[in-house]
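Visitor: So I've got this file, data15.csv, and it contains CSV, C-alpha atoms:
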```
chain,number,residue,atom,x,y,z
A,52,MET,CA,-33.9,118.4,215.7
A,53,THR,CA,-30.1,118.2,216.2
A,54,PRO,CA,-27.5,120.4,214.6
A,55,ASN,CA,-26.3,118.9,211.4
A,56,GLY,CA,-26.8,115.4,212.5
A,57,SER,CA,-24.7,115.8,215.7
A,58,GLU,CA,-25.7,114.7,219.2
A,59,PRO,CA,-28.6,116.9,220.6
A,60,MET,CA,-27.6,120.3,221.9
A,61,PRO,CA,-29.2,121.3,225.2
A,62,THR,CA,-32.7,122.4,225.0
A,63,ALA,CA,-34.4,125.1,227.1
A,64,ALA,CA,-36.5,123.6,229.8
A,65,SER,CA,-38.6,126.7,230.7
A,66,ASP,CA,-39.3,130.3,229.7
A,67,ASP,CA,-36.6,131.4,232.2
A,68,THR,CA,-33.8,131.6,229.6
A,69,GLN,CA,-30.5,130.2,230.4
A,70,ARG,CA,-27.0,130.4,229.0
A,71,HIS,CA,-27.1,127.7,226.3
A,72,GLU,CA,-23.8,125.9,225.6
A,73,PRO,CA,-22.9,122.4,224.5
A,74,ALA,CA,-21.6,120.4,227.4
A,75,GLU,CA,-17.9,119.9,227.9
A,76,PRO,CA,-16.8,116.3,227.4
A,77,ALA,CA,-15.5,114.6,230.5
A,78,GLU,CA,-11.8,114.0,230.9
A,79,GLY,CA,-10.1,111.1,232.4
A,80,ALA,CA,-7.6,111.2,235.3
A,81,ALA,CA,-4.8,110.5,232.8
A,82,GLY,CA,-5.7,113.4,230.5
A,83,ARG,CA,-7.9,114.1,227.6
A,84,LYS,CA,-10.1,111.2,226.5
A,85,ARG,CA,-10.9,110.4,222.9
A,86,PRO,CA,-14.2,112.2,222.1
A,87,LYS,CA,-17.2,110.0,221.6
A,88,PRO,CA,-19.0,110.0,218.3
A,89,GLY,CA,-20.6,113.4,217.8
A,90,GLU,CA,-18.9,114.9,220.8
A,91,ARG,CA,-16.2,116.6,218.8
A,92,ARG,CA,-18.9,118.3,216.7
A,93,VAL,CA,-20.4,119.8,219.9
A,94,GLN,CA,-16.9,120.9,221.0
A,95,ILE,CA,-16.4,122.7,217.7
A,96,LEU,CA,-19.7,124.5,218.0
A,97,GLN,CA,-19.0,125.5,221.6
A,98,ALA,CA,-15.6,126.9,220.6
A,99,LEU,CA,-17.1,128.8,217.7
A,100,ALA,CA,-19.7,130.4,220.0
A,101,SER,CA,-17.1,131.2,222.6
A,102,MET,CA,-14.9,133.0,220.0
A,103,LEU,CA,-17.8,135.0,218.8
A,104,GLU,CA,-18.3,136.3,222.3
A,105,GLN,CA,-15.1,138.3,222.3
A,106,PRO,CA,-16.0,142.0,222.0
A,107,GLY,CA,-14.7,143.4,218.7
A,108,ALA,CA,-13.8,140.0,217.4
A,109,GLU,CA,-13.2,139.9,213.7
A,110,ARG,CA,-14.1,137.1,211.3
A,111,VAL,CA,-13.5,133.7,212.9
A,112,THR,CA,-11.2,131.6,210.7
A,113,THR,CA,-11.0,127.9,210.6
A,114,ALA,CA,-7.3,128.2,211.4
A,115,ALA,CA,-8.1,130.2,214.6
A,116,LEU,CA,-10.9,127.7,215.5
A,117,ALA,CA,-8.6,124.7,215.1
A,118,ALA,CA,-5.9,126.4,217.2
A,119,ARG,CA,-8.5,127.1,219.9
A,120,LEU,CA,-9.3,123.4,220.0
A,121,ASP,CA,-5.7,122.3,219.6
A,122,VAL,CA,-6.5,120.3,216.5
A,123,SER,CA,-5.7,120.6,212.8
A,124,GLU,CA,-8.0,122.3,210.3
A,125,ALA,CA,-8.4,118.9,208.6
A,126,ALA,CA,-9.8,117.5,211.8
A,127,LEU,CA,-12.5,120.2,211.7
A,128,TYR,CA,-13.5,119.2,208.2
A,129,ARG,CA,-13.9,115.6,209.3
A,130,HIS,CA,-16.9,116.7,211.3
A,131,PHE,CA,-18.2,119.6,209.2
A,132,ALA,CA,-18.1,119.9,205.4
A,133,SER,CA,-17.5,123.7,205.6
A,134,LYS,CA,-17.4,126.6,208.0
A,135,ALA,CA,-20.9,127.5,206.8
A,136,GLN,CA,-22.1,124.1,208.1
A,137,MET,CA,-20.6,125.0,211.5
A,138,PHE,CA,-22.6,128.2,211.5
A,139,GLU,CA,-25.7,126.3,210.5
A,140,GLY,CA,-25.1,124.2,213.6
A,141,LEU,CA,-25.3,127.3,215.8
A,142,ILE,CA,-28.3,128.6,213.9
A,143,GLU,CA,-30.1,125.3,214.4
A,144,PHE,CA,-29.4,125.5,218.1
A,145,ILE,CA,-30.7,129.1,218.3
A,146,GLU,CA,-33.9,128.0,216.5
A,147,GLN,CA,-34.4,125.0,218.7
A,148,ALA,CA,-33.9,126.9,221.9
A,149,VAL,CA,-35.9,130.0,221.1
A,150,PHE,CA,-38.9,128.3,219.4
A,151,GLY,CA,-38.9,125.7,222.1
A,152,LEU,CA,-39.5,128.4,224.6
A,153,ILE,CA,-42.1,130.1,222.4
A,154,ASN,CA,-44.0,126.8,222.2
A,155,GLN,CA,-44.0,126.5,226.0
A,156,LEU,CA,-45.5,130.0,226.2
A,157,GLY,CA,-48.3,128.9,223.9
A,158,GLU,CA,-49.0,126.0,226.3
A,159,ARG,CA,-48.7,127.9,229.6
A,160,GLU,CA,-50.0,131.4,229.0
A,161,PRO,CA,-53.6,131.8,228.0
A,162,ASP,CA,-53.5,135.6,227.6
A,163,PRO,CA,-52.3,136.4,224.1
A,164,LEU,CA,-51.1,139.9,225.0
A,165,LEU,CA,-49.0,138.6,227.9
A,166,ARG,CA,-47.7,135.9,225.5
A,167,ALA,CA,-46.5,138.6,223.2
A,168,ARG,CA,-44.8,140.4,226.0
A,169,ARG,CA,-43.1,137.3,227.3
A,170,LEU,CA,-42.0,136.3,223.8
A,171,VAL,CA,-40.2,139.6,223.5
A,172,THR,CA,-38.6,139.1,226.9
A,173,LEU,CA,-37.4,135.6,226.3
A,174,LEU,CA,-35.9,136.5,222.9
A,175,LEU,CA,-33.9,139.4,224.3
A,176,GLN,CA,-32.9,137.4,227.4
A,177,PHE,CA,-31.6,134.6,225.2
A,178,GLY,CA,-29.4,137.0,223.2
A,179,GLU,CA,-28.2,138.7,226.4
A,180,LYS,CA,-27.1,135.4,228.0
A,181,ASN,CA,-25.6,134.1,224.8
A,182,PRO,CA,-23.7,137.0,223.3
A,183,GLY,CA,-21.9,134.9,220.7
A,184,MET,CA,-25.2,133.7,219.3
A,185,ALA,CA,-26.6,137.2,219.5
A,186,ARG,CA,-23.9,138.1,216.9
A,187,VAL,CA,-25.2,135.3,214.7
A,188,MET,CA,-28.8,136.3,215.2
A,189,VAL,CA,-28.3,139.9,213.9
A,190,GLY,CA,-25.9,138.8,211.2
A,191,ASP,CA,-22.7,140.5,212.4
A,192,ALA,CA,-20.9,137.2,212.5
A,193,LEU,CA,-22.2,136.2,209.1
A,194,VAL,CA,-21.0,139.2,207.0
A,195,PHE,CA,-18.3,137.4,205.2
A,196,GLU,CA,-20.0,134.0,205.2
A,197,ASN,CA,-22.3,132.1,202.9
A,198,GLU,CA,-25.4,134.2,201.9
A,199,ARG,CA,-27.7,131.4,202.8
A,200,LEU,CA,-26.8,131.8,206.5
A,201,GLN,CA,-28.1,135.3,206.6
A,202,GLN,CA,-31.2,134.2,204.7
A,203,ARG,CA,-31.9,131.6,207.3
A,204,MET,CA,-31.6,134.2,210.1
A,205,ASN,CA,-33.9,136.5,208.2
A,206,LEU,CA,-36.4,133.6,208.2
A,207,PHE,CA,-35.9,133.2,211.9
A,208,PHE,CA,-37.1,136.8,212.5
A,209,ASP,CA,-39.9,136.2,210.0
A,210,LYS,CA,-41.1,133.4,212.3
A,211,ILE,CA,-40.8,135.6,215.4
A,212,GLU,CA,-42.9,138.2,213.6
A,213,ALA,CA,-45.5,135.6,212.7
A,214,ALA,CA,-45.7,134.4,216.3
A,215,LEU,CA,-46.2,137.9,217.5
A,216,ARG,CA,-48.8,138.6,214.8
A,217,GLN,CA,-50.8,135.5,215.8
A,218,ASN,CA,-50.8,136.6,219.5
A,219,LEU,CA,-51.7,140.2,218.7
A,220,ARG,CA,-54.5,139.1,216.4
A,221,GLU,CA,-56.0,136.9,219.1
A,222,ALA,CA,-55.8,139.8,221.6
A,223,ALA,CA,-57.5,142.2,219.1
A,224,VAL,CA,-60.3,139.7,218.4
A,225,LEU,CA,-60.9,139.3,222.1
A,226,VAL,CA,-61.6,143.1,222.5
A,227,GLY,CA,-63.5,143.4,219.3
A,228,THR,CA,-61.1,145.5,217.2
A,229,SER,CA,-62.6,146.2,213.8
A,230,THR,CA,-59.4,145.4,211.9
A,231,PRO,CA,-57.6,142.8,214.0
A,232,THR,CA,-55.5,141.2,211.1
A,233,VAL,CA,-54.2,144.5,209.7
A,234,ASP,CA,-53.5,146.0,213.2
A,235,ALA,CA,-51.7,142.8,214.3
A,236,GLN,CA,-49.5,142.7,211.2
A,237,ALA,CA,-48.4,146.3,211.6
A,238,ASP,CA,-47.8,146.0,215.3
A,239,ALA,CA,-45.8,142.7,215.0
A,240,SER,CA,-43.6,144.3,212.4
A,241,VAL,CA,-42.7,147.2,214.7
A,242,ILE,CA,-42.1,145.0,217.7
A,243,THR,CA,-39.9,142.6,215.7
A,244,ALA,CA,-37.8,145.5,214.5
A,245,PHE,CA,-37.4,146.6,218.1
A,246,CYS,CA,-36.1,143.2,219.1
A,247,ALA,CA,-33.7,143.0,216.2
A,248,GLY,CA,-32.5,146.5,217.0
A,249,ARG,CA,-31.9,145.8,220.6
A,250,LEU,CA,-29.9,142.7,219.8
A,251,GLN,CA,-27.9,144.5,217.1
A,252,ARG,CA,-27.0,147.4,219.5
A,253,PHE,CA,-25.9,144.7,222.1
A,254,ALA,CA,-23.5,143.1,219.6
A,255,ARG,CA,-22.1,146.4,218.2
A,256,SER,CA,-21.6,147.9,221.6
A,257,GLY,CA,-19.2,145.1,222.5
A,258,PHE,CA,-22.0,143.6,224.7
A,259,LYS,CA,-22.2,146.7,226.9
A,260,ARG,CA,-25.7,147.9,226.0
A,261,LEU,CA,-27.9,145.1,227.2
A,262,PRO,CA,-31.0,144.1,225.2
A,263,THR,CA,-33.2,144.0,228.3
A,264,GLU,CA,-32.2,147.6,229.3
A,265,SER,CA,-35.4,149.4,230.5
A,266,LEU,CA,-37.4,146.5,229.0
A,267,GLU,CA,-40.5,147.0,231.1
A,268,HIS,CA,-40.7,150.6,230.1
A,269,SER,CA,-40.3,149.7,226.4
A,270,LEU,CA,-43.0,147.0,226.7
A,271,SER,CA,-45.4,149.4,228.3
A,272,LEU,CA,-45.1,151.5,225.2
A,273,LEU,CA,-45.2,148.7,222.6
A,274,LEU,CA,-47.6,146.4,224.4
A,275,PRO,CA,-49.5,148.3,227.1
A,276,ALA,CA,-52.1,146.3,229.0
A,277,GLY,CA,-55.0,148.5,227.8
A,278,ARG,CA,-53.8,149.2,224.2
A,279,LEU,CA,-56.3,147.0,222.4
```
Do you think you could lay out the structure here as structure tokens?
Guide:
Amino acid sequence: MTPNGSEPMPTAASDDTQRHEPAEPAEGAAGRKRPKPGERRVQILQALASMLEQPGAERVTTAALAARLDVSEAALYRHFASKAQMFEGLIEFIEQAVFGLINQLGEREPDPLLRARRLVTLLLQFGEKNPGMARVMVGDALVFENERLQQRMNLFFDKIEAALRQNLREAAVLVGTSTPTVDAQADASVITAFCAGRLQRFARSGFKRLPTESLEHSLSLLLPAGRL
């Protein structure tokens, strides 16, 4: 899936999360080249994510975004119908990167409890290495934007919770827990809230309080090896 019909954004190649950014277009020796089709869209999304990384940044306006790119606001709207569509491009990229990593976990890690632990780790590492996108994930960057954007991020965390629930149910069944579905549902809810809280604290601390701070200790409380 590509953001709003643009060229594909980079995808995560492994469960070692990386900083995810659209690639910069090449420039010729004589100066800036005319962007290829779709390339300007990637530039716009990259600039938006970069502006969101500024600690204490207020609402990003299209005027400020256009100035950052040294283009007119009209030029932005030739590539995106609205600012909401620009944010949708970032959200699509977050979904593609994070759920791509989660799918890899499902293929590589047979132990469902370890899968759940690594899911939490990769989610928090992704936010830590992409602070602008972390602000989108927790909704801080969406406060004054279209309501459907926040609804989409809510759905993102619903899917995270569903993935955790599936892993925890598998783990509970393996050890013969009497109520695996009920237990997995309750545990997945708590762990998802922990992840969202860590990302929100990261964003609201000006990116000073890292999401992965003392993560192993937290995981030993939430998902200890002998808990099930």
Visitor: For a quick check of understanding, using all atoms listed in the file, which of A:His130, A:Arg216, A:Arg252, A:Arg260 has the smallest distance to Arg166 in chain A?
Guide: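 So, comparing all the options, the nearest one is A:Arg216.
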Visitor: At a cut-off of 7 Å, using only C-alpha atoms, what residues contact range 261-268 of chain A? Leave out same-chain residues fewer than 6 positions from it and give the result as an mmCIF file with C-alpha atoms, keeping the file's coordinate frame.
Guide:
```
data_model
loop_
_atom_site.group_PDB
_atom_site.id
_atom_site.type_symbol
_atom_site.label_atom_id
_atom_site.label_comp_id
_atom_site.auth_asym_id
_atom_site.auth_seq_id
_atom_site.Cartn_x
_atom_site.Cartn_y
_atom_site.Cartn_z
ATOM 1 C CA LEU A 175 -33.900 139.400 224.300
ATOM 2 C CA GLN A 176 -32.900 137.400 227.400
ATOM 3 C CA GLU A 179 -28.200 138.700 226.400
ATOM 4 C CA ARG A 249 -31.900 145.800 220.600
ATOM 5 C CA LEU A 250 -29.900 142.700 219.800
ATOM 6 C CA PHE A 253 -25.900 144.700 222.100
#
```
Visitor: Could the residues of range 90-113 of chain A that have an atom at most 10 Å from range 190-201 of chain A be listed as CSV, each with its closest atom pair and the distance in Å to one decimal, counting only C-alpha atoms and ordered by chain and ascending residue number?
Guide:
```
residue,atom,partner,partner_atom,distance
A:Leu103,CA,A:Ala192,CA,7.4
A:Ala108,CA,A:Ala192,CA,9.1
A:Glu109,CA,A:Ala192,CA,8.2
A:Arg110,CA,A:Ala192,CA,6.9
A:Val111,CA,A:Ala192,CA,8.2
```
Visitor: To one decimal place in Å, what is the distance between CA of Leu274 in chain A and CA of Glu146 in chain A?
Guide: 24.3 Å
Visitor: With distances taken over all atoms listed in the file, which of A:Leu165, A:Leu273, A:Val122, A:Met184 is nearest to Glu104 in chain A?
Guide: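 Of all the options, A:Met184 lies closest to Glu104 in chain A.
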Visitor: Rounded to one decimal, what separation in Å do you get between CA of Val171 in chain A and CA of Ala135 in chain A?
Guide: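 Interatomic distance here is 28.2 Å.
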